[in-house]
There are 2 protein chains.
Amino acid sequence: MKKKWQKLDYIFHPRSIAIIGASANPIAKGYDYLKGHLEFEFPGEIYPVNPQASELFGLKTYPTIRDIPGRVDYVMSAIPAKPTVEIIDDCAAKGAKVIQIFAAGFSETGEEEGIKLEAELLSRARHGGIRIIGPNGIGLHYPKGRIAFARARFSREGGPVGCLIQSGGHAWNMVSSGSIRGIRFSKLISFGNACDLNETDFLEYLVGDPETEIVVGYIEGVKDGFRFLEVLKEADKPVIIFKGGRSESGMRAAASHTGSLAGQDSTWEALFQQTGAIRVYSLEELIDVALAFMYTPKIAGRNVAIIGVGGGASVQAADECESAGLSVPLLPREMQEELKTITPPEGSSFPNPVDTQGLWRPAEFSRTIELIAAWDEVDMLLFHVLVELHAQFKGRSALDSIVDTLTLAAKRVKKPMAVVLQTFGSPPGMSKLYELQKGFIEVGLPAYPSVARAANAMSKVLSWGMG
Amino acid sequence: MKKKWQKLDYIFHPRSIAIIGASANPIAKGYDYLKGHLEFEFPGEIYPVNPQASELFGLKTYPTIRDIPGRVDYVMSAIPAKPTVEIIDDCAAKGAKVIQIFAAGFSETGEEEGIKLEAELLSRARHGGIRIIGPNGIGLHYPKGRIAFARARFSREGGPVGCLIQSGGHAWNMVSSGSIRGIRFSKLISFGNACDLNETDFLEYLVGDPETEIVVGYIEGVKDGFRFLEVLKEADKPVIIFKGGRSESGMRAAASHTGSLAGQDSTWEALFQQTGAIRVYSLEELIDVALAFMYTPKIAGRNVAIIGVGGGASVQAADECESAGLSVPLLPREMQEELKTITPPEGSSFPNPVDTQGLWRPAEFSRTIELIAAWDEVDMLLFHVLVELHAQFKGRSALDSIVDTLTLAAKRVKKPMAVVLQTFGSPPGMSKLYELQKGFIEVGLPAYPSVARAANAMSKVLSWGMG
């Protein structure tokens, strides 16, 4: 017998995709879908559908879905609401099992017309035996399967993070900024109004899916609260959820965005407490925490060693780690003395945070890291580095030295490590930040924009492990 | 009779400055001080002191302070701790009234030697009638007076924000990232260990100083709590304080950074409640809130209109505004109907947040802003814009259209406005962000990296106004 998640696995393995409203106009969603699959090199058949074109990017283009010669497994609709409803029967006739619908203008409008249209959509789909993802979402993104709602400038590399993101904009943001930050996706589903397949279906799928190790979700409302709770309770992977619509105006916005009944926040709070799912409060935090689960999944305890430069920065780092529920233990006297033999104490401070001028002298920095990492009472190491560091050491950029040492340490040190890359916001600083982040990801070192955000993310990994 | 603040005003108006340890080596603090004053075009005499050079950047250089022919009003020491102590008598002999001392290695080390050295420093200074700023701080920054601890890549333009920043690193950060964000400084003092002139002296000065309208501070410890409280109570300007050392390890770091006794956090909390001073928890927040007081000082009430694009982004924006204590009132039915006549409702949503596809059509966006701003129940407008917006409208970048409309609106609309510039972190996005921020500052529109941070900053302005 199939396991529950397997029932939806076919969605991610179409042999052929029809893109209704495929377009050569870069601002059209039908352009993104088409270019995305070409750039991702989708191995099956791609059938662009557009009555105004006979060819798009070298692919024969069909006036309607009926004109496609072969069988169509999966349909992506990038056309408006009404015409989408009108083609459902044709999709079913072509054997399509699933349609993802980008168009808004359904129940989320709150108007009778849109509500009726959605009911009609669902009724036709049920009748034709076709499942719906959406409407009012941007559909699937599955790098390993070469299915894309976004273009290849976003990473084609797959990974362990499975996402259910109700909002199309947040889905786009998750893939764009998440990829830059180092998140690699198993599957991402943006499901909008969820008129048919809903958040619980996708949650159940991702919780079961062997390609997914970490589940993250952005959810505005839940159709079947009881089942959602049950699936969460049974999950044996971390599930991180950003619930949109906590406040009165947020709930109102959720209703007009995806037609969702957001639910009282106290109900949600109880759900998080009962299930061990991890609650976050913004998309940025969702990315931070997913990053921590991906790169530092095993943290043995709450003790962090903070290493960087700057007295004020060290004070702030210590406060922020403790606020996030981490501990910053005092290094033993002997270790502090040993650190002073590595780097002269003037202008440095070793209790933890370790504020050391040795940071840009590779031999000193490297020995400092080794010594601290070897202490049993340290569970993780957090580095803070100012990207706009203009200092030179022996004719070499101090920043480059720091980065080299950290890169080596990331390969050698067995304890969880993260780095905070701080910039003043100058253009050279920001492009350097991008480059450094990219290099660190390659050696498995996650980067955060502030100590507060790094500490919060690591603390949430710990809470899950202990929950 | 002089007012209290006037007693310290002479510090900021030296006719001549000696820079001990002036250097041509760009990583030396004596380089920053010297180049800073040259680039800022300090109008008085600058005397570089360095026994190894006869000339630095075209300025005659003296082996010791005694060799300087003229009178020296102000001394900046960039040499180590011991030699600094040794030149105090010479400084006094040259008539210097103040010395700022960069060197660490004094009481903050917690070691007997450093503590003695600081006592010796203070005793010599008292004896010679010279005041000390520091040690272990980076001293003064006063753009209007052309006094600089940093180079001219940081804004030379003066402004209303006066800062007392105990940490040198945070002072540098404040001037660097603060300038990029749009903060303009009256005076900034980085006073480190505060062995003589201390936080209360500078607070009293800035609270009285007519050039300062907003006082911001980073403080690790207070020497004279009672007087500090009194000065805060009497302040008739906003005073925003980031207190470093809230946690046990943060207090330990503060002690080893500036030798400060951080004080129990509950004492500080009481102080904030008694005085109406505004508490913030990071340097980033200090900058955010200072920015809001500078650009949107007068907000009549808590009602915000949120305008941008994206359903999920709107939900998050509404939740974040309400979490920060703002209200997001429902736009009246008639106004929503009128907005629908401006921009077709499909894919848009008008209740507030206003998620409108009209954003990049200048006429529509502009009318939308006018209409909403004219509603009595709206006290401020918050825009959220994705910098990596690749859309085009009529052959023009949608982003450029949005920016133009916002720039015009910033000049016309009388209500407080702020903009959130969101990026995915791509290099083009980040350099665009810098450029947009610069343009917006010129028209008086502050930019924040997230709705949460903008809302928090504006909410703190409101709390002060109502306090």
# chains A, B, ... in the order shown; residues from 1 in each chain; ligands from 1
$ closest_atom_pairs --of "chain A" --to "chain B" --cutoff "6 Å" --atoms "only C-alpha atoms" --output "CSV"
residue,atom,partner,partner_atom,distance
A:Ile27,CA,B:Ala391,CA,5.4
A:Ala104,CA,B:Gly347,CA,5.6
A:Gly105,CA,B:Glu346,CA,5.6
A:Ser167,CA,B:Gly312,CA,5.2
A:Gly169,CA,B:Gly310,CA,5.7
A:His170,CA,B:Gly312,CA,5.9
A:Ser177,CA,B:Phe424,CA,4.3
A:Gly245,CA,B:Val315,CA,5.9
A:Arg246,CA,B:Asp319,CA,5.9
A:Ser247,CA,B:Asp319,CA,5.3
A:Ser249,CA,B:Ala318,CA,5.8
A:Gly250,CA,B:Val315,CA,4.8
A:Ala253,CA,B:Val315,CA,5.2
A:Ala254,CA,B:Val315,CA,5.8
A:His257,CA,B:Gly311,CA,5.1
A:Gly310,CA,B:Gly169,CA,5.7
A:Gly311,CA,B:His257,CA,5.1
A:Gly312,CA,B:Ser167,CA,5.2
A:Val315,CA,B:Gly250,CA,4.8
A:Ala318,CA,B:Gly250,CA,4.8
A:Asp319,CA,B:Gly250,CA,5.0
A:Glu346,CA,B:Gly105,CA,5.7
A:Gly347,CA,B:Ala104,CA,5.6
A:Ala391,CA,B:Ile27,CA,5.4
A:Phe424,CA,B:Ser177,CA,4.3
A:Pro427,CA,B:Ser431,CA,5.4
A:Ser431,CA,B:Pro427,CA,5.4
$ write_last_selection --atoms "C-alpha atoms" --output "tab-separated table (two decimals), in the first residue's frame"
chain	number	residue	atom	x	y	z
A	27	ILE	CA	6.98	40.51	-17.58
A	104	ALA	CA	-6.06	35.90	-9.17
A	105	GLY	CA	-9.66	37.06	-9.33
A	167	SER	CA	1.90	33.40	-1.25
A	169	GLY	CA	5.47	36.73	-3.80
A	170	HIS	CA	6.87	35.04	-0.72
A	177	SER	CA	16.93	35.34	-1.41
A	245	GLY	CA	-2.14	37.20	9.61
A	246	ARG	CA	-1.56	37.49	13.33
A	247	SER	CA	-3.08	40.92	13.78
A	249	SER	CA	-5.27	44.03	9.79
A	250	GLY	CA	-2.95	41.14	8.92
A	253	ALA	CA	-4.95	41.26	4.36
A	254	ALA	CA	-4.75	37.45	4.37
A	257	HIS	CA	-4.88	37.91	-0.48
A	310	GLY	CA	35.41	45.22	18.49
A	311	GLY	CA	34.52	45.85	22.10
A	312	GLY	CA	31.08	47.35	21.50
A	315	VAL	CA	29.05	43.44	24.14
A	318	ALA	CA	26.89	38.63	23.99
A	319	ASP	CA	23.62	40.37	24.87
A	346	GLU	CA	46.58	44.84	24.38
A	347	GLY	CA	43.37	45.86	22.62
A	391	ALA	CA	43.15	47.06	7.41
A	424	PHE	CA	27.94	49.56	6.69
A	427	PRO	CA	28.39	49.45	-2.38
A	431	SER	CA	29.19	43.26	-3.21
$ residues_around --residues "Leu197 in chain B" --least-positions-apart "6" --cutoff "10 Å" --atoms "only C-alpha atoms" --output "PyMOL selection string"
chain B and resi 8+98+131-134+191
$ residues_around --residues "range 331-343 of chain A" --least-positions-apart "3" --cutoff "8 Å" --atoms "only C-alpha atoms" --output "JSON, numbers by chain"
{"A": [350, 351, 352, 356, 357, 358, 364, 367, 368, 371, 372]}
$ closest_residue --among "A:Phe42, A:Tyr62, A:Trp464, A:Phe202" --to "Ala22 in chain A" --atoms "only C-alpha atoms"
A:Tyr62
$ residues_around --residues "Gly129 in chain A" --least-positions-apart "2" --cutoff "9 Å" --atoms "only C-alpha atoms" --output "list in words"
Ala92, Gly95, Ala96, Lys97, Val98, Arg124, Ala125, Arg126, His127 and Arg131 of chain A
$ residues_around --residues "Arg412 in chain A" --least-positions-apart "5" --cutoff "12 Å" --atoms "only C-alpha atoms" --output "VMD selection string"
chain A and resid 366 369 to 370 373 to 374 405 to 407 417 443 to 445
$ write_last_selection --atoms "all heavy atoms" --output "PDB file, in the first residue's frame"
ATOM      1  N   SER A 366      43.855  31.014  13.567  1.00  0.00           N
ATOM      2  CA  SER A 366      43.626  29.598  13.414  1.00  0.00           C
ATOM      3  C   SER A 366      43.861  28.854  14.742  1.00  0.00           C
ATOM      4  O   SER A 366      43.048  28.006  15.148  1.00  0.00           O
ATOM      5  CB  SER A 366      44.583  29.158  12.313  1.00  0.00           C
ATOM      6  OG  SER A 366      44.542  27.826  12.141  1.00  0.00           O
ATOM      7  N   ILE A 369      40.951  29.593  17.140  1.00  0.00           N
ATOM      8  CA  ILE A 369      39.743  28.798  16.854  1.00  0.00           C
ATOM      9  C   ILE A 369      39.905  27.364  17.361  1.00  0.00           C
ATOM     10  O   ILE A 369      39.035  26.824  18.041  1.00  0.00           O
ATOM     11  CB  ILE A 369      39.449  28.772  15.331  1.00  0.00           C
ATOM     12  CG1 ILE A 369      39.166  30.178  14.809  1.00  0.00           C
ATOM     13  CG2 ILE A 369      38.270  27.846  15.030  1.00  0.00           C
ATOM     14  CD1 ILE A 369      39.032  30.261  13.284  1.00  0.00           C
ATOM     15  N   GLU A 370      41.055  26.771  17.042  1.00  0.00           N
ATOM     16  CA  GLU A 370      41.292  25.381  17.457  1.00  0.00           C
ATOM     17  C   GLU A 370      41.177  25.196  18.958  1.00  0.00           C
ATOM     18  O   GLU A 370      40.538  24.270  19.446  1.00  0.00           O
ATOM     19  CB  GLU A 370      42.705  24.945  17.053  1.00  0.00           C
ATOM     20  CG  GLU A 370      42.764  24.262  15.713  1.00  0.00           C
ATOM     21  CD  GLU A 370      44.214  24.084  15.279  1.00  0.00           C
ATOM     22  OE1 GLU A 370      45.058  23.660  16.106  1.00  0.00           O
ATOM     23  OE2 GLU A 370      44.511  24.416  14.115  1.00  0.00           O
ATOM     24  N   ALA A 373      37.535  25.711  20.107  1.00  0.00           N
ATOM     25  CA  ALA A 373      36.651  24.636  19.629  1.00  0.00           C
ATOM     26  C   ALA A 373      36.903  23.339  20.387  1.00  0.00           C
ATOM     27  O   ALA A 373      36.006  22.502  20.527  1.00  0.00           O
ATOM     28  CB  ALA A 373      36.852  24.428  18.127  1.00  0.00           C
ATOM     29  N   ALA A 374      38.122  23.192  20.885  1.00  0.00           N
ATOM     30  CA  ALA A 374      38.460  21.939  21.574  1.00  0.00           C
ATOM     31  C   ALA A 374      37.896  21.880  22.994  1.00  0.00           C
ATOM     32  O   ALA A 374      37.869  20.831  23.624  1.00  0.00           O
ATOM     33  CB  ALA A 374      39.984  21.764  21.607  1.00  0.00           C
ATOM     34  N   THR A 405      41.167  31.898   6.743  1.00  0.00           N
ATOM     35  CA  THR A 405      41.265  31.107   7.975  1.00  0.00           C
ATOM     36  C   THR A 405      39.909  30.480   8.317  1.00  0.00           C
ATOM     37  O   THR A 405      39.835  29.311   8.695  1.00  0.00           O
ATOM     38  CB  THR A 405      41.743  31.994   9.144  1.00  0.00           C
ATOM     39  OG1 THR A 405      42.885  32.731   8.720  1.00  0.00           O
ATOM     40  CG2 THR A 405      42.088  31.163  10.362  1.00  0.00           C
ATOM     41  N   LEU A 406      38.851  31.252   8.159  1.00  0.00           N
ATOM     42  CA  LEU A 406      37.517  30.717   8.452  1.00  0.00           C
ATOM     43  C   LEU A 406      37.156  29.582   7.504  1.00  0.00           C
ATOM     44  O   LEU A 406      36.525  28.596   7.892  1.00  0.00           O
ATOM     45  CB  LEU A 406      36.464  31.827   8.344  1.00  0.00           C
ATOM     46  CG  LEU A 406      36.301  32.713   9.571  1.00  0.00           C
ATOM     47  CD1 LEU A 406      35.279  33.814   9.295  1.00  0.00           C
ATOM     48  CD2 LEU A 406      35.841  31.874  10.765  1.00  0.00           C
ATOM     49  N   THR A 407      37.555  29.722   6.250  1.00  0.00           N
ATOM     50  CA  THR A 407      37.264  28.691   5.262  1.00  0.00           C
ATOM     51  C   THR A 407      37.955  27.377   5.644  1.00  0.00           C
ATOM     52  O   THR A 407      37.357  26.299   5.597  1.00  0.00           O
ATOM     53  CB  THR A 407      37.715  29.166   3.862  1.00  0.00           C
ATOM     54  OG1 THR A 407      37.066  30.411   3.594  1.00  0.00           O
ATOM     55  CG2 THR A 407      37.362  28.161   2.782  1.00  0.00           C
ATOM     56  N   MET A 417      29.361  25.879  13.324  1.00  0.00           N
ATOM     57  CA  MET A 417      29.900  27.228  13.219  1.00  0.00           C
ATOM     58  C   MET A 417      28.992  28.077  12.333  1.00  0.00           C
ATOM     59  O   MET A 417      28.384  27.573  11.394  1.00  0.00           O
ATOM     60  CB  MET A 417      31.290  27.200  12.560  1.00  0.00           C
ATOM     61  CG  MET A 417      32.353  26.552  13.415  1.00  0.00           C
ATOM     62  SD  MET A 417      34.058  26.525  12.673  1.00  0.00           S
ATOM     63  CE  MET A 417      33.998  27.739  11.397  1.00  0.00           C
ATOM     64  N   VAL A 443      31.736  25.912   1.629  1.00  0.00           N
ATOM     65  CA  VAL A 443      32.384  25.076   2.644  1.00  0.00           C
ATOM     66  C   VAL A 443      31.438  24.778   3.810  1.00  0.00           C
ATOM     67  O   VAL A 443      31.863  24.311   4.864  1.00  0.00           O
ATOM     68  CB  VAL A 443      33.697  25.706   3.162  1.00  0.00           C
ATOM     69  CG1 VAL A 443      34.735  25.733   2.045  1.00  0.00           C
ATOM     70  CG2 VAL A 443      33.472  27.113   3.703  1.00  0.00           C
ATOM     71  N   GLY A 444      30.164  25.073   3.610  1.00  0.00           N
ATOM     72  CA  GLY A 444      29.173  24.684   4.613  1.00  0.00           C
ATOM     73  C   GLY A 444      29.069  25.618   5.804  1.00  0.00           C
ATOM     74  O   GLY A 444      28.621  25.214   6.876  1.00  0.00           O
ATOM     75  N   LEU A 445      29.488  26.848   5.628  1.00  0.00           N
ATOM     76  CA  LEU A 445      29.436  27.807   6.729  1.00  0.00           C
ATOM     77  C   LEU A 445      28.314  28.815   6.452  1.00  0.00           C
ATOM     78  O   LEU A 445      28.435  29.631   5.541  1.00  0.00           O
ATOM     79  CB  LEU A 445      30.797  28.514   6.824  1.00  0.00           C
ATOM     80  CG  LEU A 445      31.048  29.462   7.976  1.00  0.00           C
ATOM     81  CD1 LEU A 445      30.955  28.736   9.312  1.00  0.00           C
ATOM     82  CD2 LEU A 445      32.439  30.091   7.840  1.00  0.00           C
TER      83      LEU A 445
END
$ select_by_dssp --residues "range 80-109 of chain A" --states "strand (DSSP E)" --output "PyMOL selection string"
chain A and resi 98-101
$ write_last_selection --atoms "C-alpha atoms" --output "PDB file, in the first residue's frame"
ATOM      1  CA  VAL A  98      -2.850  18.504 -12.336  1.00  0.00           C
ATOM      2  CA  ILE A  99      -3.197  22.166 -13.214  1.00  0.00           C
ATOM      3  CA  GLN A 100      -1.447  24.991 -11.412  1.00  0.00           C
ATOM      4  CA  ILE A 101      -3.208  28.310 -11.738  1.00  0.00           C
TER       5      ILE A 101
END
$ atom_distance --atom1 "CA of Val289 in chain A" --atom2 "CA of Val451 in chain B"
19.5 Å
$ decode --residues "range 39-51 of chain B" --atoms "all heavy atoms" --output "PDB file, in the first residue's frame"
ATOM      1  N   GLU B  39      41.078  66.206   4.965  1.00  0.00           N
ATOM      2  CA  GLU B  39      39.944  66.066   4.042  1.00  0.00           C
ATOM      3  C   GLU B  39      38.734  66.883   4.493  1.00  0.00           C
ATOM      4  O   GLU B  39      37.980  67.381   3.671  1.00  0.00           O
ATOM      5  CB  GLU B  39      39.562  64.581   3.891  1.00  0.00           C
ATOM      6  CG  GLU B  39      40.641  63.793   3.160  1.00  0.00           C
ATOM      7  CD  GLU B  39      40.330  62.307   3.036  1.00  0.00           C
ATOM      8  OE1 GLU B  39      39.220  61.876   3.396  1.00  0.00           O
ATOM      9  OE2 GLU B  39      41.221  61.568   2.569  1.00  0.00           O
ATOM     10  N   PHE B  40      38.567  67.012   5.766  1.00  0.00           N
ATOM     11  CA  PHE B  40      37.472  67.830   6.287  1.00  0.00           C
ATOM     12  C   PHE B  40      37.828  69.323   6.222  1.00  0.00           C
ATOM     13  O   PHE B  40      37.000  70.166   6.492  1.00  0.00           O
ATOM     14  CB  PHE B  40      37.165  67.450   7.752  1.00  0.00           C
ATOM     15  CG  PHE B  40      36.078  66.414   7.911  1.00  0.00           C
ATOM     16  CD1 PHE B  40      36.051  65.285   7.118  1.00  0.00           C
ATOM     17  CD2 PHE B  40      35.076  66.572   8.860  1.00  0.00           C
ATOM     18  CE1 PHE B  40      35.051  64.325   7.265  1.00  0.00           C
ATOM     19  CE2 PHE B  40      34.066  65.612   9.017  1.00  0.00           C
ATOM     20  CZ  PHE B  40      34.059  64.491   8.215  1.00  0.00           C
ATOM     21  N   GLU B  41      39.073  69.618   5.901  1.00  0.00           N
ATOM     22  CA  GLU B  41      39.567  71.007   5.807  1.00  0.00           C
ATOM     23  C   GLU B  41      39.403  71.765   7.122  1.00  0.00           C
ATOM     24  O   GLU B  41      38.817  72.859   7.170  1.00  0.00           O
ATOM     25  CB  GLU B  41      38.868  71.744   4.655  1.00  0.00           C
ATOM     26  CG  GLU B  41      39.168  71.081   3.318  1.00  0.00           C
ATOM     27  CD  GLU B  41      38.367  71.653   2.156  1.00  0.00           C
ATOM     28  OE1 GLU B  41      37.147  71.822   2.330  1.00  0.00           O
ATOM     29  OE2 GLU B  41      38.965  71.925   1.108  1.00  0.00           O
ATOM     30  N   PHE B  42      39.954  71.177   8.155  1.00  0.00           N
ATOM     31  CA  PHE B  42      39.960  71.852   9.460  1.00  0.00           C
ATOM     32  C   PHE B  42      40.615  73.221   9.308  1.00  0.00           C
ATOM     33  O   PHE B  42      41.733  73.331   8.802  1.00  0.00           O
ATOM     34  CB  PHE B  42      40.723  70.992  10.483  1.00  0.00           C
ATOM     35  CG  PHE B  42      40.837  71.646  11.826  1.00  0.00           C
ATOM     36  CD1 PHE B  42      39.710  71.805  12.633  1.00  0.00           C
ATOM     37  CD2 PHE B  42      42.064  72.126  12.286  1.00  0.00           C
ATOM     38  CE1 PHE B  42      39.820  72.422  13.875  1.00  0.00           C
ATOM     39  CE2 PHE B  42      42.173  72.744  13.524  1.00  0.00           C
ATOM     40  CZ  PHE B  42      41.046  72.893  14.322  1.00  0.00           C
ATOM     41  N   PRO B  43      39.922  74.274   9.732  1.00  0.00           N
ATOM     42  CA  PRO B  43      40.412  75.626   9.433  1.00  0.00           C
ATOM     43  C   PRO B  43      41.551  76.102  10.338  1.00  0.00           C
ATOM     44  O   PRO B  43      42.252  77.056   9.993  1.00  0.00           O
ATOM     45  CB  PRO B  43      39.173  76.506   9.640  1.00  0.00           C
ATOM     46  CG  PRO B  43      38.322  75.749  10.605  1.00  0.00           C
ATOM     47  CD  PRO B  43      38.610  74.297  10.400  1.00  0.00           C
ATOM     48  N   GLY B  44      41.746  75.463  11.482  1.00  0.00           N
ATOM     49  CA  GLY B  44      42.821  75.905  12.366  1.00  0.00           C
ATOM     50  C   GLY B  44      44.144  75.246  12.030  1.00  0.00           C
ATOM     51  O   GLY B  44      44.318  74.674  10.956  1.00  0.00           O
ATOM     52  N   GLU B  45      45.083  75.326  12.983  1.00  0.00           N
ATOM     53  CA  GLU B  45      46.388  74.703  12.766  1.00  0.00           C
ATOM     54  C   GLU B  45      46.320  73.208  13.071  1.00  0.00           C
ATOM     55  O   GLU B  45      45.709  72.800  14.050  1.00  0.00           O
ATOM     56  CB  GLU B  45      47.427  75.335  13.717  1.00  0.00           C
ATOM     57  CG  GLU B  45      47.768  76.778  13.411  1.00  0.00           C
ATOM     58  CD  GLU B  45      48.442  76.935  12.049  1.00  0.00           C
ATOM     59  OE1 GLU B  45      49.158  76.011  11.602  1.00  0.00           O
ATOM     60  OE2 GLU B  45      48.239  78.003  11.419  1.00  0.00           O
ATOM     61  N   ILE B  46      46.992  72.420  12.225  1.00  0.00           N
ATOM     62  CA  ILE B  46      47.143  70.987  12.510  1.00  0.00           C
ATOM     63  C   ILE B  46      48.635  70.710  12.674  1.00  0.00           C
ATOM     64  O   ILE B  46      49.432  71.039  11.781  1.00  0.00           O
ATOM     65  CB  ILE B  46      46.626  70.116  11.356  1.00  0.00           C
ATOM     66  CG1 ILE B  46      45.163  70.455  11.037  1.00  0.00           C
ATOM     67  CG2 ILE B  46      46.748  68.628  11.697  1.00  0.00           C
ATOM     68  CD1 ILE B  46      44.627  69.778   9.785  1.00  0.00           C
ATOM     69  N   TYR B  47      49.001  70.163  13.800  1.00  0.00           N
ATOM     70  CA  TYR B  47      50.407  69.841  14.053  1.00  0.00           C
ATOM     71  C   TYR B  47      50.586  68.331  14.164  1.00  0.00           C
ATOM     72  O   TYR B  47      50.316  67.748  15.218  1.00  0.00           O
ATOM     73  CB  TYR B  47      50.880  70.483  15.366  1.00  0.00           C
ATOM     74  CG  TYR B  47      50.772  71.988  15.415  1.00  0.00           C
ATOM     75  CD1 TYR B  47      49.922  72.610  16.326  1.00  0.00           C
ATOM     76  CD2 TYR B  47      51.554  72.789  14.580  1.00  0.00           C
ATOM     77  CE1 TYR B  47      49.837  73.997  16.398  1.00  0.00           C
ATOM     78  CE2 TYR B  47      51.472  74.179  14.643  1.00  0.00           C
ATOM     79  CZ  TYR B  47      50.608  74.775  15.556  1.00  0.00           C
ATOM     80  OH  TYR B  47      50.524  76.141  15.626  1.00  0.00           O
ATOM     81  N   PRO B  48      51.075  67.695  13.113  1.00  0.00           N
ATOM     82  CA  PRO B  48      51.379  66.268  13.251  1.00  0.00           C
ATOM     83  C   PRO B  48      52.620  66.082  14.127  1.00  0.00           C
ATOM     84  O   PRO B  48      53.571  66.871  14.012  1.00  0.00           O
ATOM     85  CB  PRO B  48      51.678  65.813  11.822  1.00  0.00           C
ATOM     86  CG  PRO B  48      51.313  66.955  10.923  1.00  0.00           C
ATOM     87  CD  PRO B  48      51.358  68.192  11.753  1.00  0.00           C
ATOM     88  N   VAL B  49      52.602  65.108  15.000  1.00  0.00           N
ATOM     89  CA  VAL B  49      53.759  64.815  15.845  1.00  0.00           C
ATOM     90  C   VAL B  49      54.196  63.375  15.597  1.00  0.00           C
ATOM     91  O   VAL B  49      53.385  62.445  15.744  1.00  0.00           O
ATOM     92  CB  VAL B  49      53.424  65.019  17.340  1.00  0.00           C
ATOM     93  CG1 VAL B  49      54.603  64.607  18.224  1.00  0.00           C
ATOM     94  CG2 VAL B  49      53.022  66.462  17.608  1.00  0.00           C
ATOM     95  N   ASN B  50      55.439  63.243  15.147  1.00  0.00           N
ATOM     96  CA  ASN B  50      55.985  61.905  14.887  1.00  0.00           C
ATOM     97  C   ASN B  50      57.496  62.049  14.752  1.00  0.00           C
ATOM     98  O   ASN B  50      57.966  62.715  13.833  1.00  0.00           O
ATOM     99  CB  ASN B  50      55.382  61.345  13.591  1.00  0.00           C
ATOM    100  CG  ASN B  50      55.840  59.917  13.333  1.00  0.00           C
ATOM    101  OD1 ASN B  50      56.927  59.512  13.773  1.00  0.00           O
ATOM    102  ND2 ASN B  50      55.028  59.151  12.611  1.00  0.00           N
ATOM    103  N   PRO B  51      58.256  61.448  15.663  1.00  0.00           N
ATOM    104  CA  PRO B  51      59.715  61.634  15.634  1.00  0.00           C
ATOM    105  C   PRO B  51      60.365  61.031  14.388  1.00  0.00           C
ATOM    106  O   PRO B  51      61.491  61.378  14.050  1.00  0.00           O
ATOM    107  CB  PRO B  51      60.192  60.916  16.905  1.00  0.00           C
ATOM    108  CG  PRO B  51      59.072  60.036  17.330  1.00  0.00           C
ATOM    109  CD  PRO B  51      57.813  60.628  16.790  1.00  0.00           C
TER     110      PRO B  51
END
